[in-house]
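Dumped structure.cif below, it's mmCIF, C-alpha atoms and all ligand atoms:
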```cif
data_target
loop_
_atom_site.group_PDB
_atom_site.id
_atom_site.type_symbol
_atom_site.label_atom_id
_atom_site.label_comp_id
_atom_site.auth_asym_id
_atom_site.auth_seq_id
_atom_site.Cartn_x
_atom_site.Cartn_y
_atom_site.Cartn_z
ATOM 1 C CA MET G 1 0.000 0.000 0.000
ATOM 2 C CA GLN G 2 1.204 3.509 -0.714
ATOM 3 C CA THR G 3 1.599 5.867 2.236
ATOM 4 C CA LEU G 4 -1.138 8.264 1.129
ATOM 5 C CA GLU G 5 -3.503 5.334 0.629
ATOM 6 C CA ALA G 6 -2.817 4.124 4.184
ATOM 7 C CA ILE G 7 -3.362 7.641 5.550
ATOM 8 C CA ALA G 8 -6.668 7.887 3.674
ATOM 9 C CA LYS G 9 -7.749 4.436 4.870
ATOM 10 C CA ARG G 10 -6.870 4.829 8.576
ATOM 11 C CA LYS G 11 -9.921 5.087 10.806
ATOM 12 C CA SER G 12 -10.711 4.256 14.411
ATOM 13 C CA THR G 13 -12.013 0.784 15.233
ATOM 14 C CA ARG G 14 -14.178 0.216 18.305
ATOM 15 C CA ASP G 15 -15.316 -3.366 17.780
ATOM 16 C CA PHE G 16 -12.214 -5.546 17.875
ATOM 17 C CA ASP G 17 -12.510 -9.311 17.775
ATOM 18 C CA PRO G 18 -10.922 -10.204 21.135
ATOM 19 C CA ASN G 19 -10.182 -13.741 19.948
ATOM 20 C CA LYS G 20 -8.305 -12.832 16.783
ATOM 21 C CA ALA G 21 -4.640 -12.430 17.691
ATOM 22 C CA VAL G 22 -2.214 -10.200 15.847
ATOM 23 C CA PRO G 23 0.859 -12.243 14.799
ATOM 24 C CA ASP G 24 4.081 -11.317 16.616
ATOM 25 C CA GLU G 25 5.939 -10.334 13.448
ATOM 26 C CA ILE G 26 3.161 -7.894 12.523
ATOM 27 C CA VAL G 27 3.210 -6.360 16.015
ATOM 28 C CA ASP G 28 6.967 -6.071 15.613
ATOM 29 C CA THR G 29 6.617 -4.212 12.298
ATOM 30 C CA ILE G 30 4.125 -1.812 13.867
ATOM 31 C CA ILE G 31 6.425 -1.192 16.858
ATOM 32 C CA LYS G 32 9.371 -0.532 14.539
ATOM 33 C CA ALA G 33 7.288 2.015 12.618
ATOM 34 C CA GLY G 34 6.494 3.721 15.947
ATOM 35 C CA CYS G 35 10.188 3.844 16.826
ATOM 36 C CA GLN G 36 10.892 5.628 13.537
ATOM 37 C CA ALA G 37 8.828 8.651 14.651
ATOM 38 C CA PRO G 38 10.378 12.048 15.188
ATOM 39 C CA ILE G 39 11.084 12.680 18.888
ATOM 40 C CA GLY G 40 11.334 16.267 20.083
ATOM 41 C CA ALA G 41 14.522 17.398 21.837
ATOM 42 C CA GLY G 42 16.256 14.237 20.602
ATOM 43 C CA LYS G 43 15.303 12.511 23.799
ATOM 44 C CA ARG G 44 14.632 8.993 22.551
ATOM 45 C CA ASP G 45 15.240 7.627 26.037
ATOM 46 C CA SER G 46 12.385 9.758 27.373
ATOM 47 C CA LEU G 47 9.849 7.285 25.948
ATOM 48 C CA HIS G 48 9.016 3.663 26.707
ATOM 49 C CA LEU G 49 6.649 1.245 24.933
ATOM 50 C CA THR G 50 4.645 -1.500 26.647
ATOM 51 C CA VAL G 51 3.036 -4.136 24.448
ATOM 52 C CA CYS G 52 0.124 -5.465 26.465
ATOM 53 C CA ARG G 53 -1.657 -8.690 25.546
ATOM 54 C CA SER G 54 -2.856 -9.264 29.112
ATOM 55 C CA LYS G 55 -6.644 -9.201 29.429
ATOM 56 C CA GLU G 56 -6.140 -9.140 33.195
ATOM 57 C CA ILE G 57 -4.112 -5.909 33.096
ATOM 58 C CA LEU G 58 -6.540 -4.265 30.655
ATOM 59 C CA ASP G 59 -9.399 -5.261 32.916
ATOM 60 C CA GLU G 60 -7.627 -3.695 35.910
ATOM 61 C CA ILE G 61 -7.114 -0.492 33.933
ATOM 62 C CA ASN G 62 -10.805 -0.496 33.013
ATOM 63 C CA GLU G 63 -11.701 -0.842 36.684
ATOM 64 C CA SER G 64 -9.270 1.883 37.749
ATOM 65 C CA THR G 65 -10.556 4.224 35.031
ATOM 66 C CA ALA G 66 -14.207 3.667 35.894
ATOM 67 C CA ALA G 67 -13.448 4.349 39.563
ATOM 68 C CA ALA G 68 -11.434 7.507 38.749
ATOM 69 C CA MET G 69 -14.159 8.794 36.419
ATOM 70 C CA LYS G 70 -16.947 7.750 38.775
ATOM 71 C CA MET G 71 -18.703 5.898 35.996
ATOM 72 C CA GLU G 72 -19.761 2.344 35.287
ATOM 73 C CA LYS G 73 -17.002 -0.019 34.254
ATOM 74 C CA ARG G 74 -16.721 -0.513 30.508
ATOM 75 C CA ASP G 75 -14.055 -1.700 28.096
ATOM 76 C CA PHE G 76 -12.050 1.380 27.165
ATOM 77 C CA PHE G 77 -9.975 -0.855 24.827
ATOM 78 C CA TYR G 78 -12.921 -2.117 22.752
ATOM 79 C CA GLY G 79 -11.861 -5.768 22.965
ATOM 80 C CA ALA G 80 -8.469 -5.177 21.340
ATOM 81 C CA PRO G 81 -6.139 -8.181 21.731
ATOM 82 C CA VAL G 82 -3.059 -5.927 21.796
ATOM 83 C CA VAL G 83 -2.679 -2.481 23.327
ATOM 84 C CA ILE G 84 0.602 -0.614 22.961
ATOM 85 C CA PHE G 85 1.092 1.943 25.712
ATOM 86 C CA VAL G 86 3.480 4.834 25.185
ATOM 87 C CA SER G 87 4.947 6.048 28.467
ATOM 88 C CA ALA G 88 7.040 9.141 28.963
ATOM 89 C CA SER G 89 9.635 10.155 31.494
ATOM 90 C CA GLU G 90 8.319 12.586 34.080
ATOM 91 C CA LYS G 91 11.464 14.651 33.445
ATOM 92 C CA GLN G 92 10.856 16.532 30.188
ATOM 93 C CA MET G 93 12.744 19.320 28.395
ATOM 94 C CA ALA G 94 9.589 21.304 27.607
ATOM 95 C CA PRO G 95 6.097 21.234 29.135
ATOM 96 C CA GLY G 96 3.774 18.902 27.257
ATOM 97 C CA ILE G 97 6.368 17.711 24.750
ATOM 98 C CA GLU G 98 5.822 14.114 25.913
ATOM 99 C CA TYR G 99 2.297 14.189 24.502
ATOM 100 C CA ALA G 100 3.547 15.483 21.160
ATOM 101 C CA ASN G 101 6.236 12.792 21.059
ATOM 102 C CA ALA G 102 3.786 10.048 22.009
ATOM 103 C CA ALA G 103 1.368 11.262 19.341
ATOM 104 C CA CYS G 104 4.065 10.984 16.664
ATOM 105 C CA VAL G 105 4.904 7.441 17.765
ATOM 106 C CA ILE G 106 1.272 6.408 17.885
ATOM 107 C CA GLU G 107 0.276 7.914 14.559
ATOM 108 C CA ASN G 108 3.211 6.134 12.899
ATOM 109 C CA MET G 109 1.958 2.876 14.421
ATOM 110 C CA LEU G 110 -1.631 3.498 13.283
ATOM 111 C CA ILE G 111 -0.556 4.210 9.710
ATOM 112 C CA ALA G 112 1.727 1.165 9.702
ATOM 113 C CA ALA G 113 -1.060 -1.000 11.139
ATOM 114 C CA THR G 114 -3.448 0.203 8.434
ATOM 115 C CA ASP G 115 -0.809 -0.521 5.818
ATOM 116 C CA VAL G 116 -0.499 -4.159 6.934
ATOM 117 C CA GLY G 117 -4.289 -4.631 7.266
ATOM 118 C CA VAL G 118 -4.532 -4.353 11.060
ATOM 119 C CA ASP G 119 -7.360 -2.268 12.527
ATOM 120 C CA ASN G 120 -6.508 0.283 15.172
ATOM 121 C CA ILE G 121 -7.430 3.218 17.379
ATOM 122 C CA TYR G 122 -5.624 5.968 19.290
ATOM 123 C CA LEU G 123 -6.580 5.833 22.971
ATOM 124 C CA TRP G 124 -6.501 8.355 25.764
ATOM 125 C CA GLY G 125 -9.357 7.178 27.972
ATOM 126 C CA GLY G 126 -8.084 4.452 30.259
ATOM 127 C CA VAL G 127 -4.507 5.552 29.982
ATOM 128 C CA GLN G 128 -4.765 8.596 32.231
ATOM 129 C CA ALA G 129 -6.225 6.657 35.157
ATOM 130 C CA ALA G 130 -3.533 4.012 34.790
ATOM 131 C CA ALA G 131 -0.925 6.770 34.971
ATOM 132 C CA LYS G 132 -2.186 7.762 38.412
ATOM 133 C CA ASN G 133 -2.108 4.180 39.709
ATOM 134 C CA ALA G 134 1.504 3.459 40.701
ATOM 135 C CA ASP G 135 0.829 -0.202 41.539
ATOM 136 C CA LEU G 136 -0.701 -0.756 38.123
ATOM 137 C CA CYS G 137 2.203 0.991 36.371
ATOM 138 C CA ALA G 138 4.635 -1.262 38.245
ATOM 139 C CA LYS G 139 2.593 -4.313 37.287
ATOM 140 C CA MET G 140 2.748 -3.165 33.663
ATOM 141 C CA GLY G 141 6.539 -3.046 33.842
ATOM 142 C CA ILE G 142 6.657 0.682 33.151
ATOM 143 C CA PRO G 143 10.056 1.986 34.291
ATOM 144 C CA GLU G 144 10.177 4.068 37.437
ATOM 145 C CA GLY G 145 9.863 7.790 36.695
ATOM 146 C CA PHE G 146 7.755 7.100 33.590
ATOM 147 C CA LYS G 147 3.971 7.311 33.193
ATOM 148 C CA PRO G 148 1.721 6.176 30.348
ATOM 149 C CA VAL G 149 0.492 9.093 28.241
ATOM 150 C CA SER G 150 -1.338 7.476 25.316
ATOM 151 C CA ALA G 151 -1.961 4.110 23.709
ATOM 152 C CA ALA G 152 -2.673 2.428 20.395
ATOM 153 C CA ALA G 153 -5.055 -0.515 20.357
ATOM 154 C CA ILE G 154 -4.641 -2.914 17.446
ATOM 155 C CA GLY G 155 -6.453 -6.007 16.228
ATOM 156 C CA TYR G 156 -9.124 -6.991 13.749
ATOM 157 C CA SER G 157 -12.518 -5.355 13.546
ATOM 158 C CA GLN G 158 -15.624 -7.540 13.747
ATOM 159 C CA SER G 159 -17.208 -5.476 10.979
ATOM 160 C CA SER G 160 -15.940 -4.973 7.452
ATOM 161 C CA SER G 161 -13.567 -2.108 6.822
ATOM 162 C CA ALA G 162 -14.939 1.126 5.444
ATOM 163 C CA PRO G 163 -13.578 2.187 2.061
ATOM 164 C CA ALA G 164 -10.730 4.693 1.984
ATOM 165 C CA ARG G 165 -11.826 8.295 2.262
ATOM 166 C CA GLU G 166 -10.663 10.888 -0.212
ATOM 167 C CA LEU G 167 -7.882 13.005 1.233
ATOM 168 C CA SER G 168 -9.207 16.526 1.680
ATOM 169 C CA VAL G 169 -8.450 19.719 3.590
ATOM 170 C CA SER G 170 -11.077 19.023 6.256
ATOM 171 C CA LEU G 171 -9.601 21.085 9.096
ATOM 172 C CA SER G 172 -9.730 24.846 9.265
ATOM 173 C CA ALA G 173 -6.723 26.147 7.358
ATOM 174 C CA ASN G 174 -5.441 29.428 5.961
ATOM 175 C CA TYR G 175 -2.734 30.029 3.432
ATOM 176 C CA ILE G 176 -0.544 33.091 3.690
HETATM 177 C C1 LIG X 201 -5.265 12.166 21.239
HETATM 178 C C2 LIG X 201 -6.395 11.250 20.890
HETATM 179 C C3 LIG X 201 -7.054 10.583 21.887
HETATM 180 C C4 LIG X 201 -8.101 9.707 21.581
HETATM 181 N N1 LIG X 201 -8.690 9.004 22.589
HETATM 182 C C5 LIG X 201 -9.716 8.192 22.327
HETATM 183 C C6 LIG X 201 -10.317 7.416 23.362
HETATM 184 O O1 LIG X 201 -9.894 7.434 24.509
HETATM 185 N N2 LIG X 201 -11.368 6.634 23.033
HETATM 186 C C7 LIG X 201 -11.860 6.563 21.759
HETATM 187 O O2 LIG X 201 -12.824 5.849 21.540
HETATM 188 N N3 LIG X 201 -11.283 7.255 20.752
HETATM 189 C C8 LIG X 201 -10.219 8.048 20.992
HETATM 190 N N4 LIG X 201 -9.589 8.713 19.972
HETATM 191 C C9 LIG X 201 -10.031 8.507 18.582
HETATM 192 C C10 LIG X 201 -10.823 9.702 18.047
HETATM 193 O O3 LIG X 201 -12.084 9.745 18.661
HETATM 194 C C11 LIG X 201 -10.949 9.552 16.507
HETATM 195 O O4 LIG X 201 -9.655 9.586 15.952
HETATM 196 C C12 LIG X 201 -11.814 10.625 15.886
HETATM 197 O O5 LIG X 201 -13.149 10.468 16.274
HETATM 198 C C13 LIG X 201 -11.758 10.606 14.367
HETATM 199 O O6 LIG X 201 -12.187 9.359 13.850
HETATM 200 P P1 LIG X 201 -11.221 8.473 12.933
HETATM 201 O O7 LIG X 201 -10.022 8.106 13.762
HETATM 202 O O8 LIG X 201 -12.047 7.284 12.563
HETATM 203 O O9 LIG X 201 -10.809 9.286 11.746
HETATM 204 C C14 LIG X 201 -8.517 9.558 20.239
HETATM 205 C C15 LIG X 201 -7.830 10.228 19.237
HETATM 206 C C16 LIG X 201 -6.777 11.041 19.538
HETATM 207 C C17 LIG X 201 -6.018 11.724 18.436
#
```
Using structure tokens, write down the structure that the file contains.
Amino acid sequence: MQTLEAIAKRKSTRDFDPNKAVPDEIVDTIIKAGCQAPIGAGKRDSLHLTVCRSKEILDEINESTAAAMKMEKRDFFYGAPVVIFVSASEKQMAPGIEYANAACVIENMLIAATDVGVDNIYLWGGVQAAAKNADLCAKMGIPEGFKPVSAAAIGYSQSSSAPARELSVSLSANYI
């Protein structure tokens, strides 16, 4: 697939088949694409990736999130068999740059996933509550001094994929 075709085809999936695994070599390709992202301030060691296939951990995050948000427990990961968490060091060169860096890594992974026929979604909900739960972060193997800032869920949708959209200037833009 050409890059622009993958960009046009990428869309969020919220109905993953929890029983359809993503092969290791495909996960590996997606991770490598994430690692190729630009990282602000050249601080590649300020990020850490956690590839989570543990339903138990995801369930704990769901519980923690529901409690933090004072809402009923639901699956914030939409049944995805693999969730890749991007964590960032709490020591950053510039305020907020960790979110920009994580976004670059995640978008690269989403485009790569689309390219290899794996459905995906960028996730924020669920991640923030996990970040505040030190025990959970330790259980996830996130290095000390790091906290999860965003995640990419990948897998296979239970419904058929929508056709690629036409690329268009769909955000407000001005040209000067
Ligand atoms: C920073 C960020 C955080 C997001 N967090 C969530 C989330 O927690 N849950 C969710 O269902 N979708 C989440 N999304 C997906 C957006 O809702 C989705 O990208 C948007 O509705 C556009 O749809 P599309 O991805 O199909 O083009 C997030 C997207 C971004 C960029």
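Ranking G:Leu47, G:Ala8, G:Met109, G:Ala68 by their shortest atom-to-atom distance to Ala129 (chain G), with all atoms listed in the file included, puts G:Ala68 first.
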The residue from G:Cys35, G:Ala103, G:Ile154, G:Val149 with the smallest atom-to-atom distance to Pro23 (chain G), counting only C-alpha atoms, is G:Ile154
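The shortest atom-to-atom distance to ligand LIG 201 (chain X), with all atoms listed in the file taken into account, belongs to G:Ala102 out of G:Ala67, G:Ala33, G:Ala102, G:Ala131.
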List all protein, DNA and RNA residues that have any atom at most 9 Å from ligand LIG 201 (chain X), counting all atoms listed in the file, and write the list as an MDAnalysis selection string.
chainID G and resid 9:14 76:78 99 103 107 120:127 150:151
Pull C-alpha atoms from the residues just selected and write them as an mmCIF file, in the frame of the given file.
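See selection_24.cif below for the written result:
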```cif
data_model
loop_
_atom_site.group_PDB
_atom_site.id
_atom_site.type_symbol
_atom_site.label_atom_id
_atom_site.label_comp_id
_atom_site.auth_asym_id
_atom_site.auth_seq_id
_atom_site.Cartn_x
_atom_site.Cartn_y
_atom_site.Cartn_z
ATOM 1 C CA LYS G 9 -7.749 4.436 4.870
ATOM 2 C CA ARG G 10 -6.870 4.829 8.576
ATOM 3 C CA LYS G 11 -9.921 5.087 10.806
ATOM 4 C CA SER G 12 -10.711 4.256 14.411
ATOM 5 C CA THR G 13 -12.013 0.784 15.233
ATOM 6 C CA ARG G 14 -14.178 0.216 18.305
ATOM 7 C CA PHE G 76 -12.050 1.380 27.165
ATOM 8 C CA PHE G 77 -9.975 -0.855 24.827
ATOM 9 C CA TYR G 78 -12.921 -2.117 22.752
ATOM 10 C CA TYR G 99 2.297 14.189 24.502
ATOM 11 C CA ALA G 103 1.368 11.262 19.341
ATOM 12 C CA GLU G 107 0.276 7.914 14.559
ATOM 13 C CA ASN G 120 -6.508 0.283 15.172
ATOM 14 C CA ILE G 121 -7.430 3.218 17.379
ATOM 15 C CA TYR G 122 -5.624 5.968 19.290
ATOM 16 C CA LEU G 123 -6.580 5.833 22.971
ATOM 17 C CA TRP G 124 -6.501 8.355 25.764
ATOM 18 C CA GLY G 125 -9.357 7.178 27.972
ATOM 19 C CA GLY G 126 -8.084 4.452 30.259
ATOM 20 C CA VAL G 127 -4.507 5.552 29.982
ATOM 21 C CA SER G 150 -1.338 7.476 25.316
ATOM 22 C CA ALA G 151 -1.961 4.110 23.709
#
```
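For the pair CA of Lys20 (chain G) and CA of Phe85 (chain G), the separation is 19.7 Å.
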- Task: Tell me which residues the PyMOL selection byres (((chain G and resi 61) around 12) and not hetatm) grabs here, as JSON, numbers by chain.
- Result: {"G": [52, 54, 55, 56, 57, 58, 59, 60, 62, 63, 64, 65, 66, 67, 68, 69, 73, 74, 75, 76, 77, 83, 85, 125, 126, 127, 128, 129, 130, 131, 132, 133, 134, 135, 136, 137, 139, 140, 148]}
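Residues with any atom within 12 Å of Ile31 (chain G), counting only C-alpha atoms and excluding same-chain neighbours fewer than 3 positions away, are G:Asp24, G:Glu25, G:Ile26, G:Val27, G:Asp28, G:Gly34, G:Cys35, G:Gln36, G:Ala37, G:His48, G:Leu49, G:Thr50, G:Val51, G:Val82, G:Val83, G:Ile84, G:Phe85, G:Val86, G:Val105, G:Ile106, G:Glu107, G:Asn108, G:Met109, G:Leu110, G:Ile111, G:Ala112, G:Ala113, G:Ala152, G:Ile154.
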Let me see the file: selected residues, C-alpha atoms, as a short mmCIF file (atom, residue, chain, number, x, y, z; two decimals), in the frame of the given file.
```
data_model
loop_
_atom_site.label_atom_id
_atom_site.label_comp_id
_atom_site.auth_asym_id
_atom_site.auth_seq_id
_atom_site.Cartn_x
_atom_site.Cartn_y
_atom_site.Cartn_z
CA ASP G 24 4.08 -11.32 16.62
CA GLU G 25 5.94 -10.33 13.45
CA ILE G 26 3.16 -7.89 12.52
CA VAL G 27 3.21 -6.36 16.02
CA ASP G 28 6.97 -6.07 15.61
CA GLY G 34 6.49 3.72 15.95
CA CYS G 35 10.19 3.84 16.83
CA GLN G 36 10.89 5.63 13.54
CA ALA G 37 8.83 8.65 14.65
CA HIS G 48 9.02 3.66 26.71
CA LEU G 49 6.65 1.25 24.93
CA THR G 50 4.64 -1.50 26.65
CA VAL G 51 3.04 -4.14 24.45
CA VAL G 82 -3.06 -5.93 21.80
CA VAL G 83 -2.68 -2.48 23.33
CA ILE G 84 0.60 -0.61 22.96
CA PHE G 85 1.09 1.94 25.71
CA VAL G 86 3.48 4.83 25.18
CA VAL G 105 4.90 7.44 17.76
CA ILE G 106 1.27 6.41 17.89
CA GLU G 107 0.28 7.91 14.56
CA ASN G 108 3.21 6.13 12.90
CA MET G 109 1.96 2.88 14.42
CA LEU G 110 -1.63 3.50 13.28
CA ILE G 111 -0.56 4.21 9.71
CA ALA G 112 1.73 1.16 9.70
CA ALA G 113 -1.06 -1.00 11.14
CA ALA G 152 -2.67 2.43 20.40
CA ILE G 154 -4.64 -2.91 17.45
#
```
CA of Gln2 (chain G) sits from CA of Ile176 (chain G) at a separation of 30.0 Å
